[in-house]
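Quick look at model33.txt (compact mmCIF, C-alpha atoms):
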# COMPACT_ATOMS: atom_id res chain seq x y z
CA MET U 1 6.86 13.11 -7.40
CA THR U 2 3.38 11.97 -6.38
CA LEU U 3 3.08 8.59 -4.68
CA GLY U 4 -0.71 8.22 -4.82
CA ALA U 5 -3.12 7.04 -2.15
CA PHE U 6 -1.54 6.26 1.22
CA SER U 7 -2.48 3.52 3.64
CA ILE U 8 -0.83 1.53 6.35
CA SER U 9 -0.92 -2.23 6.02
CA LEU U 10 -1.00 -3.87 9.44
CA ALA U 11 0.11 -7.42 10.15
CA VAL U 12 -2.63 -8.45 12.60
CA LYS U 13 -2.94 -11.54 14.79
CA ASP U 14 -6.76 -11.77 14.79
CA ILE U 15 -8.48 -10.07 11.88
CA ASN U 16 -11.91 -10.23 13.55
CA ALA U 17 -10.63 -8.52 16.70
CA SER U 18 -8.83 -5.90 14.60
CA LYS U 19 -11.92 -5.31 12.45
CA ALA U 20 -14.07 -4.77 15.57
CA PHE U 21 -11.45 -2.43 17.07
CA TYR U 22 -11.17 -0.24 13.97
CA GLU U 23 -14.95 -0.16 13.59
CA THR U 24 -15.08 1.24 17.14
CA LEU U 25 -12.76 4.00 15.90
CA GLY U 26 -15.23 4.81 13.12
CA PHE U 27 -13.69 2.82 10.28
CA THR U 28 -15.86 0.83 7.89
CA VAL U 29 -14.96 -2.02 5.56
CA PHE U 30 -13.93 -0.53 2.21
CA GLY U 31 -12.49 -3.59 0.49
CA GLY U 32 -10.85 -6.95 0.92
CA GLN U 33 -12.19 -10.36 1.86
CA LEU U 34 -12.59 -11.38 5.49
CA GLU U 35 -12.63 -15.06 4.46
CA ASN U 36 -9.18 -14.54 2.91
CA ASN U 37 -7.87 -12.78 6.04
CA TYR U 38 -7.54 -9.25 4.69
CA LEU U 39 -9.66 -6.12 4.84
CA ILE U 40 -9.22 -2.50 3.86
CA MET U 41 -10.83 -0.20 6.42
CA LYS U 42 -11.68 3.46 5.71
CA ASN U 43 -12.48 6.48 7.85
CA GLY U 44 -12.68 9.69 5.83
CA ASN U 45 -9.45 9.86 3.84
CA SER U 46 -7.67 7.41 6.17
CA LEU U 47 -7.07 3.85 5.02
CA VAL U 48 -5.88 0.94 7.15
CA GLY U 49 -5.28 -2.49 5.69
CA LEU U 50 -5.64 -5.46 8.03
CA PHE U 51 -3.72 -8.56 6.95
CA GLN U 52 -3.66 -11.75 9.01
CA GLY U 53 -0.88 -14.23 8.23
CA MET U 54 0.35 -12.48 5.08
CA PHE U 55 3.49 -10.71 6.29
CA ASP U 56 5.50 -10.24 9.46
CA ASN U 57 5.67 -6.46 9.85
CA ASN U 58 3.56 -3.40 9.21
CA ILE U 59 4.05 -1.75 5.81
CA LEU U 60 3.55 1.81 4.59
CA THR U 61 1.72 1.52 1.26
CA PHE U 62 1.36 3.99 -1.60
CA ASN U 63 -0.78 3.39 -4.69
CA PRO U 64 0.23 5.48 -7.72
CA GLY U 65 -2.72 6.05 -10.02
CA TRP U 66 -5.35 5.86 -7.27
CA ASP U 67 -6.95 8.37 -4.96
CA GLU U 68 -8.02 7.40 -1.44
CA ASN U 69 -11.28 5.96 -2.82
CA ALA U 70 -9.43 3.62 -5.23
CA ASN U 71 -10.58 5.74 -8.16
CA ASN U 72 -8.19 5.86 -11.09
CA LEU U 73 -6.44 9.19 -11.55
CA ASP U 74 -6.12 10.73 -15.02
CA GLU U 75 -2.55 11.81 -14.32
CA PHE U 76 -0.03 10.19 -11.98
CA ASP U 77 3.62 9.28 -11.63
CA ASP U 78 4.09 5.72 -12.84
CA VAL U 79 5.65 3.28 -10.35
CA ARG U 80 8.60 2.77 -12.71
CA ALA U 81 9.32 6.53 -12.85
CA ILE U 82 9.25 6.68 -9.04
CA GLN U 83 11.56 3.67 -8.90
CA LYS U 84 14.01 5.24 -11.38
CA HIS U 85 14.07 8.42 -9.31
CA LEU U 86 14.91 6.53 -6.12
CA LYS U 87 17.59 4.50 -7.89
CA SER U 88 19.13 7.72 -9.24
CA LYS U 89 19.44 8.85 -5.60
CA ASP U 90 21.25 5.57 -4.72
CA ILE U 91 18.31 4.23 -2.70
CA LYS U 92 18.53 0.45 -2.44
CA LEU U 93 15.35 -1.38 -3.43
CA GLU U 94 14.30 -4.63 -1.77
CA SER U 95 12.26 -5.61 -4.83
CA GLU U 96 11.80 -3.88 -8.17
CA ALA U 97 9.13 -3.29 -10.78
CA ASP U 98 9.98 -4.53 -14.28
CA GLU U 99 10.90 -1.33 -16.10
CA THR U 100 10.31 -2.93 -19.51
CA LYS U 101 6.58 -3.33 -18.89
CA THR U 102 3.64 -1.00 -18.32
CA GLY U 103 0.58 -1.18 -16.09
CA PRO U 104 0.36 -2.75 -12.64
CA ALA U 105 3.68 -3.19 -10.83
CA SER U 106 5.26 -2.64 -7.46
CA PHE U 107 8.53 -2.23 -5.60
CA VAL U 108 9.61 -2.25 -1.97
CA VAL U 109 12.14 0.02 -0.28
CA LEU U 110 13.18 0.25 3.38
CA ASP U 111 13.42 3.57 5.18
CA PRO U 112 16.51 4.29 7.32
CA ASP U 113 14.86 2.54 10.29
CA GLY U 114 14.03 -0.62 8.38
CA ASN U 115 10.32 0.12 7.84
CA SER U 116 9.00 -1.38 4.63
CA ILE U 117 7.45 0.94 2.06
CA LEU U 118 5.43 -0.72 -0.69
CA VAL U 119 4.74 1.32 -3.83
CA ASP U 120 1.97 -0.73 -5.44
CA GLN U 121 0.37 0.45 -8.68
CA HIS U 122 -2.85 -1.31 -9.72
CA VAL U 123 -3.51 0.54 -13.00
Show me this structure written as structure tokens.
Amino acid sequence: MTLGAFSISLAVKDINASKAFYETLGFTVFGGQLENNYLIMKNGNSLVGLFQGMFDNNILTFNPGWDENANNLDEFDDVRAIQKHLKSKDIKLESEADETKTGPASFVVLDPDGNSILVDQHV
């Protein structure tokens, strides 16, 4: 099973302060909209999402169908196939993708320590 591009989505208090901090670490703005309080920062293959006021906790994010440059992959495991696999292993999902549809979809699962994992397919 391939989960796609990985990033961490951080719930930040001050997006401008976070942006400046990550730029000091060598990250550059890769996507997002500062005026809408979210940015995607990139350093090599590392991606960090900065989100002010959108959610309470940090989230591990995987994007099936994308590489770390948000390029579409020719072959990938669809989010619904990943979801079915987890369900077959009796993993409880916090939210689910509609398995009757195709294309963009997402689901959320918690790891054993309560960390949120978002599997978010954009293609």
Exercise for review: For range 1-7 of chain U, list every protein, DNA or RNA residue within 9 Å, evaluated using all atoms listed in the file, and leave out those in the same chain fewer than 5 positions away; present the list as a ChimeraX atom specification.
Suggested key: /U:46-49,59-70,73,76-79,81-82,85,119,121
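Note that CA of Asp120 in chain U and CA of Lys89 in chain U are 19.9 Å apart.
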Exercise for review: Might you pull out every residue within 12 Å of Leu34 in chain U, with all atoms listed in the file counted and same-chain residues fewer than 5 positions away left off, and present them as a ChimeraX atom specification?
Suggested key: /U:14-19,29,39-41,49-52
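The gap separating CA of Gln33 in chain U from CA of Asn71 in chain U is 19.0 Å, in Å to one decimal.
Nearest to Glu99 in chain U of all the residues U:Asn72, U:Arg80, U:Asn36, U:Gly114 is U:Arg80, counting only C-alpha atoms.
Between CA of Gly26 in chain U and CA of Gly53 in chain U the separation is 24.3 Å.
Across U:Lys13, U:Gln83, U:Val123, U:Asn45, the tightest approach to Phe107 in chain U is made by U:Gln83 when counting only C-alpha atoms.
When all atoms listed in the file are used to measure the gap to Asn58 in chain U, the shortest distance among U:Ser88, U:Ser106, U:Ser116, U:Asn37 belongs to U:Ser116.
Checking U:Glu23, U:Glu75, U:Glu94, U:Asp56 one by one against Asn43 in chain U, counting only C-alpha atoms, you find the shortest gap at U:Glu23.
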Study note, to complete from the structure: From the list U:Gly32, U:Val109, U:Gly44, U:Ile8, the nearest residue to Leu86 in chain U using all atoms listed in the file is U:Val109
Point to revise | Polymer residues at most 9 Å from Leu110 in chain U, all atoms listed in the file, same-chain spacing of 5 or more positions, as JSON, numbers by chain | key: {"U": [91, 92, 93, 94, 115, 116, 117, 118]}
Where atoms are lacking, range 82-101 of chain U completed to N, CA and C atoms, as a PDB file, in the coordinates of the input:
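Everything below was put into result.pdb:
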ATOM      1  N   ILE U  82       8.904   6.483 -10.457  1.00  0.00           N
ATOM      2  CA  ILE U  82       9.250   6.680  -9.040  1.00  0.00           C
ATOM      3  C   ILE U  82      10.463   5.823  -8.695  1.00  0.00           C
ATOM      4  N   GLN U  83      10.450   4.580  -9.141  1.00  0.00           N
ATOM      5  CA  GLN U  83      11.560   3.670  -8.900  1.00  0.00           C
ATOM      6  C   GLN U  83      12.861   4.209  -9.494  1.00  0.00           C
ATOM      7  N   LYS U  84      12.812   4.678 -10.735  1.00  0.00           N
ATOM      8  CA  LYS U  84      14.010   5.240 -11.380  1.00  0.00           C
ATOM      9  C   LYS U  84      14.552   6.428 -10.601  1.00  0.00           C
ATOM     10  N   HIS U  85      13.645   7.270 -10.106  1.00  0.00           N
ATOM     11  CA  HIS U  85      14.070   8.420  -9.310  1.00  0.00           C
ATOM     12  C   HIS U  85      14.814   7.976  -8.059  1.00  0.00           C
ATOM     13  N   LEU U  86      14.262   7.014  -7.347  1.00  0.00           N
ATOM     14  CA  LEU U  86      14.910   6.530  -6.120  1.00  0.00           C
ATOM     15  C   LEU U  86      16.269   5.904  -6.434  1.00  0.00           C
ATOM     16  N   LYS U  87      16.321   5.123  -7.500  1.00  0.00           N
ATOM     17  CA  LYS U  87      17.590   4.500  -7.890  1.00  0.00           C
ATOM     18  C   LYS U  87      18.634   5.560  -8.255  1.00  0.00           C
ATOM     19  N   SER U  88      18.193   6.652  -8.877  1.00  0.00           N
ATOM     20  CA  SER U  88      19.130   7.720  -9.240  1.00  0.00           C
ATOM     21  C   SER U  88      19.693   8.419  -8.014  1.00  0.00           C
ATOM     22  N   LYS U  89      18.995   8.268  -6.884  1.00  0.00           N
ATOM     23  CA  LYS U  89      19.440   8.850  -5.600  1.00  0.00           C
ATOM     24  C   LYS U  89      20.158   7.803  -4.750  1.00  0.00           C
ATOM     25  N   ASP U  90      20.520   6.668  -5.374  1.00  0.00           N
ATOM     26  CA  ASP U  90      21.250   5.570  -4.720  1.00  0.00           C
ATOM     27  C   ASP U  90      20.479   4.948  -3.555  1.00  0.00           C
ATOM     28  N   ILE U  91      19.155   4.910  -3.682  1.00  0.00           N
ATOM     29  CA  ILE U  91      18.310   4.230  -2.700  1.00  0.00           C
ATOM     30  C   ILE U  91      18.236   2.765  -3.112  1.00  0.00           C
ATOM     31  N   LYS U  92      18.571   1.881  -2.181  1.00  0.00           N
ATOM     32  CA  LYS U  92      18.530   0.450  -2.440  1.00  0.00           C
ATOM     33  C   LYS U  92      17.086  -0.044  -2.388  1.00  0.00           C
ATOM     34  N   LEU U  93      16.697  -0.820  -3.380  1.00  0.00           N
ATOM     35  CA  LEU U  93      15.350  -1.380  -3.430  1.00  0.00           C
ATOM     36  C   LEU U  93      15.400  -2.843  -2.990  1.00  0.00           C
ATOM     37  N   GLU U  94      14.408  -3.247  -2.215  1.00  0.00           N
ATOM     38  CA  GLU U  94      14.300  -4.630  -1.770  1.00  0.00           C
ATOM     39  C   GLU U  94      13.715  -5.512  -2.866  1.00  0.00           C
ATOM     40  N   SER U  95      12.808  -4.953  -3.650  1.00  0.00           N
ATOM     41  CA  SER U  95      12.260  -5.610  -4.830  1.00  0.00           C
ATOM     42  C   SER U  95      12.000  -4.509  -5.843  1.00  0.00           C
ATOM     43  N   GLU U  96      11.938  -4.881  -7.122  1.00  0.00           N
ATOM     44  CA  GLU U  96      11.800  -3.880  -8.170  1.00  0.00           C
ATOM     45  C   GLU U  96      10.676  -4.213  -9.132  1.00  0.00           C
ATOM     46  N   ALA U  97      10.090  -3.155  -9.697  1.00  0.00           N
ATOM     47  CA  ALA U  97       9.130  -3.290 -10.780  1.00  0.00           C
ATOM     48  C   ALA U  97       9.920  -3.520 -12.070  1.00  0.00           C
ATOM     49  N   ASP U  98       9.366  -4.299 -12.974  1.00  0.00           N
ATOM     50  CA  ASP U  98       9.980  -4.530 -14.280  1.00  0.00           C
ATOM     51  C   ASP U  98       9.829  -3.269 -15.113  1.00  0.00           C
ATOM     52  N   GLU U  99      10.931  -2.611 -15.387  1.00  0.00           N
ATOM     53  CA  GLU U  99      10.900  -1.330 -16.100  1.00  0.00           C
ATOM     54  C   GLU U  99      10.651  -1.487 -17.591  1.00  0.00           C
ATOM     55  N   THR U 100      10.580  -2.721 -18.094  1.00  0.00           N
ATOM     56  CA  THR U 100      10.310  -2.930 -19.510  1.00  0.00           C
ATOM     57  C   THR U 100       8.822  -3.101 -19.790  1.00  0.00           C
ATOM     58  N   LYS U 101       8.013  -3.123 -18.743  1.00  0.00           N
ATOM     59  CA  LYS U 101       6.580  -3.330 -18.890  1.00  0.00           C
ATOM     60  C   LYS U 101       5.816  -2.072 -18.485  1.00  0.00           C
TER      61      LYS U 101
END
